[in-house]
$ cat target_12.cif   # mmCIF, C-alpha atoms; chains and numbers go by the auth columns
data_upload
#
loop_
_atom_site.group_PDB
_atom_site.id
_atom_site.type_symbol
_atom_site.label_atom_id
_atom_site.label_comp_id
_atom_site.label_asym_id
_atom_site.label_seq_id
_atom_site.Cartn_x
_atom_site.Cartn_y
_atom_site.Cartn_z
_atom_site.B_iso_or_equiv
_atom_site.auth_seq_id
_atom_site.auth_asym_id
ATOM 1 C CA MET A 1 52.456 10.900 16.288 0.00 259 A
ATOM 2 C CA GLY A 2 53.553 11.767 12.747 0.00 260 A
ATOM 3 C CA LEU A 3 53.068 8.202 11.533 0.00 261 A
ATOM 4 C CA TRP A 4 49.604 8.129 13.068 0.00 262 A
ATOM 5 C CA ASN A 5 48.555 11.288 11.183 0.00 263 A
ATOM 6 C CA ILE A 6 49.863 9.828 7.921 0.00 264 A
ATOM 7 C CA LEU A 7 47.905 6.605 8.460 0.00 265 A
ATOM 8 C CA VAL A 8 44.710 8.538 9.290 0.00 266 A
ATOM 9 C CA SER A 9 45.166 10.663 6.172 0.00 267 A
ATOM 10 C CA ILE A 10 45.718 7.588 3.979 0.00 268 A
ATOM 11 C CA PHE A 11 42.658 5.893 5.479 0.00 269 A
ATOM 12 C CA ALA A 12 40.497 8.989 4.880 0.00 270 A
ATOM 13 C CA THR A 13 41.678 9.215 1.263 0.00 271 A
ATOM 14 C CA LEU A 14 41.014 5.523 0.624 0.00 272 A
ATOM 15 C CA ARG A 15 37.587 5.798 2.238 0.00 273 A
ATOM 16 C CA SER A 16 36.727 8.792 0.059 0.00 274 A
ATOM 17 C CA LEU A 17 37.874 6.987 -3.097 0.00 275 A
ATOM 18 C CA MET A 18 35.895 3.897 -2.131 0.00 276 A
ATOM 19 C CA ILE A 19 32.700 5.904 -1.590 0.00 277 A
ATOM 20 C CA LYS A 20 33.127 7.688 -4.950 0.00 278 A
ATOM 21 C CA THR A 21 33.762 4.389 -6.741 0.00 279 A
ATOM 22 C CA ILE A 22 30.744 2.705 -5.168 0.00 280 A
ATOM 23 C CA SER A 23 28.538 5.713 -5.965 0.00 281 A
ATOM 24 C CA LYS A 24 29.629 5.652 -9.610 0.00 282 A
ATOM 25 C CA ALA A 25 29.008 1.896 -9.783 0.00 283 A
ATOM 26 C CA VAL A 26 25.474 2.309 -8.384 0.00 284 A
ATOM 27 C CA ILE A 27 24.689 5.113 -10.848 0.00 285 A
ATOM 28 C CA THR A 28 26.018 3.023 -13.741 0.00 286 A
ATOM 29 C CA PHE A 29 24.024 -0.001 -12.580 0.00 287 A
ATOM 30 C CA ARG A 30 20.811 2.033 -12.412 0.00 288 A
ATOM 31 C CA LYS A 31 21.394 3.282 -15.953 0.00 289 A
ATOM 32 C CA LEU A 32 22.056 -0.208 -17.320 0.00 290 A
ATOM 33 C CA VAL A 33 19.346 -2.149 -15.488 0.00 291 A
ATOM 34 C CA PRO A 34 15.753 -1.001 -16.051 0.00 292 A
ATOM 35 C CA GLN A 35 14.131 -0.073 -12.769 0.00 293 A
ATOM 36 C CA PRO A 36 10.635 -1.410 -12.031 0.00 294 A
ATOM 37 C CA ARG A 37 7.889 1.152 -12.373 0.00 295 A
ATOM 38 C CA MET A 38 5.304 1.366 -9.662 0.00 296 A
ATOM 39 C CA ALA A 39 1.766 0.764 -10.857 0.00 297 A
ATOM 40 C CA VAL A 40 -0.251 3.953 -10.768 0.00 298 A
ATOM 41 C CA SER A 41 -4.015 3.879 -10.705 0.00 299 A
ATOM 42 C CA THR A 42 -6.035 5.899 -13.133 0.00 300 A
ATOM 43 C CA ALA A 43 -8.872 8.134 -11.963 0.00 301 A
ATOM 44 C CA ARG A 44 -11.398 5.496 -13.122 0.00 302 A
ATOM 45 C CA ASP A 45 -10.128 2.775 -10.813 0.00 303 A
ATOM 46 C CA ARG A 46 -9.478 4.546 -7.550 0.00 304 A
ATOM 47 C CA VAL A 47 -11.299 6.198 -4.686 0.00 305 A
ATOM 48 C CA THR A 48 -9.810 9.080 -2.743 0.00 306 A
ATOM 49 C CA ALA A 49 -9.680 9.000 1.040 0.00 307 A
ATOM 50 C CA LYS A 50 -12.160 11.873 1.111 0.00 308 A
ATOM 51 C CA GLU A 51 -14.595 9.925 -1.102 0.00 309 A
ATOM 52 C CA LEU A 52 -14.275 6.872 1.173 0.00 310 A
ATOM 53 C CA LYS A 53 -14.985 9.044 4.215 0.00 311 A
ATOM 54 C CA GLU A 54 -18.122 10.381 2.504 0.00 312 A
ATOM 55 C CA MET A 55 -19.208 6.853 1.544 0.00 313 A
ATOM 56 C CA ILE A 56 -18.859 5.682 5.149 0.00 314 A
ATOM 57 C CA GLU A 57 -20.710 8.707 6.537 0.00 315 A
ATOM 58 C CA LYS A 58 -23.492 8.983 3.962 0.00 316 A
ATOM 59 C CA ASP A 59 -24.325 5.385 3.165 0.00 317 A
ATOM 60 C CA PRO A 60 -26.543 4.308 6.086 0.00 318 A
ATOM 61 C CA ARG A 61 -26.465 0.658 5.035 0.00 319 A
ATOM 62 C CA PRO A 62 -23.529 0.029 2.700 0.00 320 A
ATOM 63 C CA VAL A 63 -24.778 -2.786 0.509 0.00 321 A
ATOM 64 C CA ASP A 64 -22.870 -2.315 -2.737 0.00 322 A
ATOM 65 C CA TRP A 65 -19.262 -2.133 -1.509 0.00 323 A
ATOM 66 C CA VAL A 66 -16.839 -3.731 0.930 0.00 324 A
ATOM 67 C CA VAL A 67 -13.344 -2.702 2.055 0.00 325 A
ATOM 68 C CA LEU A 68 -10.528 -5.227 1.585 0.00 326 A
ATOM 69 C CA ASP A 69 -7.752 -4.294 4.023 0.00 327 A
ATOM 70 C CA VAL A 70 -4.484 -5.977 2.961 0.00 328 A
ATOM 71 C CA ARG A 71 -2.362 -4.614 5.816 0.00 329 A
ATOM 72 C CA GLU A 72 -0.723 -6.822 8.421 0.00 330 A
ATOM 73 C CA PRO A 73 -2.589 -7.278 11.746 0.00 331 A
ATOM 74 C CA TRP A 74 -0.109 -5.105 13.673 0.00 332 A
ATOM 75 C CA GLU A 75 -0.756 -2.248 11.206 0.00 333 A
ATOM 76 C CA ILE A 76 -4.507 -2.585 11.657 0.00 334 A
ATOM 77 C CA ASN A 77 -4.026 -2.438 15.439 0.00 335 A
ATOM 78 C CA GLU A 78 -2.129 0.846 15.035 0.00 336 A
ATOM 79 C CA VAL A 79 -4.767 2.657 12.972 0.00 337 A
ATOM 80 C CA ASP A 80 -7.997 1.428 11.423 0.00 338 A
ATOM 81 C CA LEU A 81 -11.198 2.502 9.733 0.00 339 A
ATOM 82 C CA PRO A 82 -14.102 3.222 12.051 0.00 340 A
ATOM 83 C CA ALA A 83 -15.985 0.031 12.878 0.00 341 A
ATOM 84 C CA LYS A 84 -19.363 1.756 12.472 0.00 342 A
ATOM 85 C CA ASN A 85 -20.639 4.735 10.547 0.00 343 A
ATOM 86 C CA LYS A 86 -22.526 7.723 11.972 0.00 344 A
ATOM 87 C CA VAL A 87 -25.829 5.848 12.007 0.00 345 A
ATOM 88 C CA ASN A 88 -24.257 2.981 13.954 0.00 346 A
ATOM 89 C CA GLN A 89 -24.140 0.538 11.030 0.00 347 A
ATOM 90 C CA PRO A 90 -21.017 -1.642 10.668 0.00 348 A
ATOM 91 C CA VAL A 91 -18.554 -0.647 7.964 0.00 349 A
ATOM 92 C CA PRO A 92 -18.228 -3.750 5.734 0.00 350 A
ATOM 93 C CA LYS A 93 -14.603 -4.871 5.860 0.00 351 A
ATOM 94 C CA VAL A 94 -12.483 -7.972 5.241 0.00 352 A
ATOM 95 C CA ASN A 95 -8.876 -8.244 6.508 0.00 353 A
ATOM 96 C CA ILE A 96 -6.473 -10.425 4.506 0.00 354 A
ATOM 97 C CA PRO A 97 -2.707 -9.645 4.606 0.00 355 A
ATOM 98 C CA ILE A 98 -1.288 -9.016 1.123 0.00 356 A
ATOM 99 C CA LYS A 99 1.110 -12.005 1.165 0.00 357 A
ATOM 100 C CA THR A 100 -1.800 -14.342 1.825 0.00 358 A
ATOM 101 C CA PHE A 101 -4.121 -12.561 -0.595 0.00 359 A
ATOM 102 C CA LEU A 102 -1.778 -12.655 -3.594 0.00 360 A
ATOM 103 C CA GLY A 103 -1.431 -16.419 -3.115 0.00 361 A
ATOM 104 C CA MET A 104 -5.188 -16.976 -3.321 0.00 362 A
ATOM 105 C CA ASP A 105 -6.854 -18.207 -6.489 0.00 363 A
ATOM 106 C CA LYS A 106 -10.369 -17.257 -7.596 0.00 364 A
ATOM 107 C CA PRO A 107 -12.280 -19.963 -5.643 0.00 365 A
ATOM 108 C CA GLU A 108 -10.479 -18.946 -2.439 0.00 366 A
ATOM 109 C CA ILE A 109 -11.195 -15.254 -3.086 0.00 367 A
ATOM 110 C CA ASP A 110 -14.866 -16.067 -3.741 0.00 368 A
ATOM 111 C CA THR A 111 -15.188 -17.538 -0.239 0.00 369 A
ATOM 112 C CA GLN A 112 -13.879 -14.290 1.307 0.00 370 A
ATOM 113 C CA LEU A 113 -15.257 -11.559 -0.960 0.00 371 A
ATOM 114 C CA PRO A 114 -18.615 -11.034 -2.649 0.00 372 A
ATOM 115 C CA GLN A 115 -18.425 -11.079 -6.461 0.00 373 A
ATOM 116 C CA ASN A 116 -21.396 -8.713 -6.804 0.00 374 A
ATOM 117 C CA LYS A 117 -19.955 -5.778 -4.803 0.00 375 A
ATOM 118 C CA ARG A 118 -17.316 -3.153 -5.455 0.00 376 A
ATOM 119 C CA ILE A 119 -14.166 -4.090 -3.552 0.00 377 A
ATOM 120 C CA LEU A 120 -12.315 -1.062 -2.154 0.00 378 A
ATOM 121 C CA CYS A 121 -8.688 -2.099 -1.577 0.00 379 A
ATOM 122 C CA LEU A 122 -6.896 -0.489 1.367 0.00 380 A
ATOM 123 C CA CYS A 123 -3.344 -0.547 2.756 0.00 381 A
ATOM 124 C CA ALA A 124 -1.095 1.976 4.491 0.00 382 A
ATOM 125 C CA ALA A 125 -0.031 4.060 1.480 0.00 383 A
ATOM 126 C CA GLY A 126 -1.701 2.570 -1.607 0.00 384 A
ATOM 127 C CA VAL A 127 1.024 0.320 -3.018 0.00 385 A
ATOM 128 C CA ARG A 128 -0.048 -3.073 -1.643 0.00 386 A
ATOM 129 C CA SER A 129 -3.693 -2.231 -2.274 0.00 387 A
ATOM 130 C CA ALA A 130 -2.847 -1.481 -5.932 0.00 388 A
ATOM 131 C CA LYS A 131 -1.388 -5.006 -6.171 0.00 389 A
ATOM 132 C CA ALA A 132 -4.513 -6.444 -4.542 0.00 390 A
ATOM 133 C CA GLN A 133 -6.694 -4.446 -6.935 0.00 391 A
ATOM 134 C CA ALA A 134 -4.782 -5.799 -9.951 0.00 392 A
ATOM 135 C CA HIS A 135 -5.202 -9.344 -8.603 0.00 393 A
ATOM 136 C CA LEU A 136 -8.948 -8.802 -8.179 0.00 394 A
ATOM 137 C CA LEU A 137 -9.386 -7.235 -11.617 0.00 395 A
ATOM 138 C CA LYS A 138 -7.546 -10.193 -13.159 0.00 396 A
ATOM 139 C CA ASN A 139 -10.044 -12.490 -11.427 0.00 397 A
ATOM 140 C CA GLY A 140 -13.119 -10.603 -12.656 0.00 398 A
ATOM 141 C CA TYR A 141 -13.945 -8.431 -9.649 0.00 399 A
ATOM 142 C CA ASN A 142 -15.015 -4.783 -9.653 0.00 400 A
ATOM 143 C CA ALA A 143 -12.098 -3.415 -7.615 0.00 401 A
ATOM 144 C CA LEU A 144 -10.998 0.108 -6.752 0.00 402 A
ATOM 145 C CA ASN A 145 -7.836 1.251 -4.995 0.00 403 A
ATOM 146 C CA ILE A 146 -8.154 3.642 -2.048 0.00 404 A
ATOM 147 C CA GLU A 147 -5.649 6.263 -3.117 0.00 405 A
ATOM 148 C CA LEU A 148 -2.767 6.865 -0.660 0.00 406 A
ATOM 149 C CA GLY A 149 -4.181 4.435 1.910 0.00 407 A
ATOM 150 C CA ILE A 150 -5.254 4.625 5.545 0.00 408 A
ATOM 151 C CA TYR A 151 -2.971 7.489 6.505 0.00 409 A
ATOM 152 C CA GLU A 152 -4.584 9.726 3.884 0.00 410 A
ATOM 153 C CA PHE A 153 -7.982 8.579 5.184 0.00 411 A
ATOM 154 C CA ILE A 154 -7.010 9.587 8.733 0.00 412 A
ATOM 155 C CA LYS A 155 -6.025 13.051 7.452 0.00 413 A
ATOM 156 C CA ALA A 156 -9.416 13.362 5.731 0.00 414 A
ATOM 157 C CA VAL A 157 -11.357 12.489 8.892 0.00 415 A
#
$ encode --input "target_12.cif" --output "structure tokens"
Amino acid sequence: MGLWNILVSIFATLRSLMIKTISKAVITFRKLVPQPRMAVSTARDRVTAKELKEMIEKDPRPVDWVVLDVREPWEINEVDLPAKNKVNQPVPKVNIPIKTFLGMDKPEIDTQLPQNKRILCLCAAGVRSAKAQAHLLKNGYNALNIELGIYEFIKAV
């Protein structure tokens, strides 16, 4: 019994020292290696969820914008934009998962998205859509990011 208690105590001490050492190593690593910064949209290149809701409700025939949803199909099945607005007109929307979209070049994008419309990029929380927006801007599109994504839109509804 006494030997067992000593072994348990030694193990607990070693475990504690290991955790402290690993924690210090992680902190040191984070200080030495620059961490990537997440792209943040400016007010000029984003649409809030509330503004999108108003656009869907007030625009009886949305002709100057289209929503690009870059979420995976299973995410779209969970929660989605309304298919039609209050006057029973379809909400213009294109679904292309982000992994596929970022691999597309301009001619491929042109077959999926209209060049003459504002593209409103949508994902779950706004990160993937910011990447899609950057890709579109680089290819000459008028793209806006829907700030904070579909879950913020659901709160606004």
$ resolve_selection --input "target_12.cif" --expression "the PyMOL selection byres ((chain A and resi 310) around 12)" --output "PyMOL selection string"
chain A and resi 304-309+311-317+320+323-325+339-340+343+349+377-380+402-408+410-412+414-415
$ atom_distance --input "target_12.cif" --atom1 "atom CA of A:Gln373" --atom2 "atom CA of A:Asp338"
24.2 Å
$ resolve_selection --input "target_12.cif" --expression "the PyMOL selection byres ((chain A and resi 398) around 12)" --output "PyMOL selection string"
chain A and resi 363-365+367-368+371-377+391-397+399-401
$ closest_residue --input "target_12.cif" --among "A:Val321, A:Gly361, A:Val337, A:Glu366" --to "A:Lys413" --atoms "only C-alpha atoms"
A:Val337
$ closest_residue --input "target_12.cif" --among "A:Ile264, A:Ala382, A:Met362, A:Lys351" --to "A:Trp332" --atoms "all atoms listed in the file"
A:Ala382
$ decode --input "target_12.cif" --residues "stretch 319-343 of chain A" --atoms "N, CA, C and O atoms" --output "PDB file, in the first residue's frame"
ATOM      1  N   ARG A 319     -38.304  41.703 -56.996  1.00  0.00           N
ATOM      2  CA  ARG A 319     -37.649  40.916 -58.039  1.00  0.00           C
ATOM      3  C   ARG A 319     -36.160  41.250 -57.998  1.00  0.00           C
ATOM      4  O   ARG A 319     -35.705  42.137 -58.712  1.00  0.00           O
ATOM      5  N   PRO A 320     -35.408  40.516 -57.171  1.00  0.00           N
ATOM      6  CA  PRO A 320     -33.979  40.841 -57.044  1.00  0.00           C
ATOM      7  C   PRO A 320     -33.234  40.600 -58.357  1.00  0.00           C
ATOM      8  O   PRO A 320     -33.052  39.468 -58.764  1.00  0.00           O
ATOM      9  N   VAL A 321     -32.866  41.700 -59.006  1.00  0.00           N
ATOM     10  CA  VAL A 321     -32.205  41.571 -60.301  1.00  0.00           C
ATOM     11  C   VAL A 321     -30.740  41.985 -60.263  1.00  0.00           C
ATOM     12  O   VAL A 321     -30.000  41.671 -61.181  1.00  0.00           O
ATOM     13  N   ASP A 322     -30.332  42.695 -59.209  1.00  0.00           N
ATOM     14  CA  ASP A 322     -28.957  43.201 -59.210  1.00  0.00           C
ATOM     15  C   ASP A 322     -28.032  42.482 -58.243  1.00  0.00           C
ATOM     16  O   ASP A 322     -26.896  42.884 -58.067  1.00  0.00           O
ATOM     17  N   TRP A 323     -28.476  41.415 -57.613  1.00  0.00           N
ATOM     18  CA  TRP A 323     -27.620  40.677 -56.680  1.00  0.00           C
ATOM     19  C   TRP A 323     -27.974  39.196 -56.689  1.00  0.00           C
ATOM     20  O   TRP A 323     -29.066  38.802 -57.086  1.00  0.00           O
ATOM     21  N   VAL A 324     -27.002  38.396 -56.245  1.00  0.00           N
ATOM     22  CA  VAL A 324     -27.195  36.956 -56.094  1.00  0.00           C
ATOM     23  C   VAL A 324     -26.369  36.501 -54.888  1.00  0.00           C
ATOM     24  O   VAL A 324     -25.307  37.051 -54.620  1.00  0.00           O
ATOM     25  N   VAL A 325     -26.877  35.529 -54.152  1.00  0.00           N
ATOM     26  CA  VAL A 325     -26.172  34.990 -52.991  1.00  0.00           C
ATOM     27  C   VAL A 325     -25.331  33.800 -53.431  1.00  0.00           C
ATOM     28  O   VAL A 325     -25.831  32.887 -54.097  1.00  0.00           O
ATOM     29  N   LEU A 326     -24.038  33.829 -53.073  1.00  0.00           N
ATOM     30  CA  LEU A 326     -23.156  32.679 -53.284  1.00  0.00           C
ATOM     31  C   LEU A 326     -22.977  32.004 -51.931  1.00  0.00           C
ATOM     32  O   LEU A 326     -22.359  32.558 -51.031  1.00  0.00           O
ATOM     33  N   ASP A 327     -23.547  30.825 -51.773  1.00  0.00           N
ATOM     34  CA  ASP A 327     -23.451  30.077 -50.516  1.00  0.00           C
ATOM     35  C   ASP A 327     -22.306  29.079 -50.650  1.00  0.00           C
ATOM     36  O   ASP A 327     -22.364  28.176 -51.474  1.00  0.00           O
ATOM     37  N   VAL A 328     -21.241  29.262 -49.849  1.00  0.00           N
ATOM     38  CA  VAL A 328     -20.057  28.397 -49.959  1.00  0.00           C
ATOM     39  C   VAL A 328     -20.022  27.319 -48.867  1.00  0.00           C
ATOM     40  O   VAL A 328     -18.990  26.703 -48.649  1.00  0.00           O
ATOM     41  N   ARG A 329     -21.152  27.085 -48.216  1.00  0.00           N
ATOM     42  CA  ARG A 329     -21.205  26.033 -47.201  1.00  0.00           C
ATOM     43  C   ARG A 329     -21.311  24.665 -47.865  1.00  0.00           C
ATOM     44  O   ARG A 329     -21.651  24.544 -49.028  1.00  0.00           O
ATOM     45  N   GLU A 330     -21.024  23.640 -47.071  1.00  0.00           N
ATOM     46  CA  GLU A 330     -21.157  22.262 -47.548  1.00  0.00           C
ATOM     47  C   GLU A 330     -22.649  21.899 -47.613  1.00  0.00           C
ATOM     48  O   GLU A 330     -23.464  22.477 -46.884  1.00  0.00           O
ATOM     49  N   PRO A 331     -23.025  20.927 -48.459  1.00  0.00           N
ATOM     50  CA  PRO A 331     -24.439  20.563 -48.591  1.00  0.00           C
ATOM     51  C   PRO A 331     -25.114  20.196 -47.268  1.00  0.00           C
ATOM     52  O   PRO A 331     -26.265  20.566 -47.032  1.00  0.00           O
ATOM     53  N   TRP A 332     -24.406  19.484 -46.385  1.00  0.00           N
ATOM     54  CA  TRP A 332     -25.026  19.099 -45.112  1.00  0.00           C
ATOM     55  C   TRP A 332     -25.336  20.338 -44.258  1.00  0.00           C
ATOM     56  O   TRP A 332     -26.308  20.349 -43.506  1.00  0.00           O
ATOM     57  N   GLU A 333     -24.527  21.396 -44.382  1.00  0.00           N
ATOM     58  CA  GLU A 333     -24.792  22.624 -43.633  1.00  0.00           C
ATOM     59  C   GLU A 333     -26.022  23.335 -44.184  1.00  0.00           C
ATOM     60  O   GLU A 333     -26.828  23.883 -43.423  1.00  0.00           O
ATOM     61  N   ILE A 334     -26.163  23.304 -45.497  1.00  0.00           N
ATOM     62  CA  ILE A 334     -27.315  23.942 -46.138  1.00  0.00           C
ATOM     63  C   ILE A 334     -28.583  23.199 -45.746  1.00  0.00           C
ATOM     64  O   ILE A 334     -29.632  23.819 -45.518  1.00  0.00           O
ATOM     65  N   ASN A 335     -28.506  21.869 -45.632  1.00  0.00           N
ATOM     66  CA  ASN A 335     -29.672  21.092 -45.206  1.00  0.00           C
ATOM     67  C   ASN A 335     -30.097  21.429 -43.786  1.00  0.00           C
ATOM     68  O   ASN A 335     -31.277  21.349 -43.453  1.00  0.00           O
ATOM     69  N   GLU A 336     -29.127  21.780 -42.934  1.00  0.00           N
ATOM     70  CA  GLU A 336     -29.432  22.136 -41.546  1.00  0.00           C
ATOM     71  C   GLU A 336     -30.207  23.437 -41.448  1.00  0.00           C
ATOM     72  O   GLU A 336     -31.200  23.536 -40.755  1.00  0.00           O
ATOM     73  N   VAL A 337     -29.700  24.476 -42.104  1.00  0.00           N
ATOM     74  CA  VAL A 337     -30.328  25.802 -42.047  1.00  0.00           C
ATOM     75  C   VAL A 337     -30.006  26.528 -43.342  1.00  0.00           C
ATOM     76  O   VAL A 337     -28.893  26.476 -43.838  1.00  0.00           O
ATOM     77  N   ASP A 338     -31.016  27.202 -43.913  1.00  0.00           N
ATOM     78  CA  ASP A 338     -30.820  27.839 -45.201  1.00  0.00           C
ATOM     79  C   ASP A 338     -31.596  29.147 -45.275  1.00  0.00           C
ATOM     80  O   ASP A 338     -32.477  29.411 -44.449  1.00  0.00           O
ATOM     81  N   LEU A 339     -31.289  29.927 -46.285  1.00  0.00           N
ATOM     82  CA  LEU A 339     -32.050  31.136 -46.569  1.00  0.00           C
ATOM     83  C   LEU A 339     -33.436  30.722 -47.044  1.00  0.00           C
ATOM     84  O   LEU A 339     -33.608  29.615 -47.567  1.00  0.00           O
ATOM     85  N   PRO A 340     -34.410  31.603 -46.907  1.00  0.00           N
ATOM     86  CA  PRO A 340     -35.723  31.254 -47.476  1.00  0.00           C
ATOM     87  C   PRO A 340     -35.606  31.116 -48.995  1.00  0.00           C
ATOM     88  O   PRO A 340     -34.835  31.836 -49.634  1.00  0.00           O
ATOM     89  N   ALA A 341     -36.342  30.178 -49.556  1.00  0.00           N
ATOM     90  CA  ALA A 341     -36.282  29.949 -50.996  1.00  0.00           C
ATOM     91  C   ALA A 341     -36.976  31.074 -51.760  1.00  0.00           C
ATOM     92  O   ALA A 341     -36.603  31.396 -52.878  1.00  0.00           O
ATOM     93  N   LYS A 342     -38.005  31.674 -51.135  1.00  0.00           N
ATOM     94  CA  LYS A 342     -38.749  32.748 -51.791  1.00  0.00           C
ATOM     95  C   LYS A 342     -38.926  33.901 -50.824  1.00  0.00           C
ATOM     96  O   LYS A 342     -38.925  33.721 -49.613  1.00  0.00           O
ATOM     97  N   ASN A 343     -39.089  35.096 -51.386  1.00  0.00           N
ATOM     98  CA  ASN A 343     -39.324  36.253 -50.529  1.00  0.00           C
ATOM     99  C   ASN A 343     -40.820  36.400 -50.248  1.00  0.00           C
ATOM    100  O   ASN A 343     -41.616  35.551 -50.635  1.00  0.00           O
TER     101      ASN A 343
END
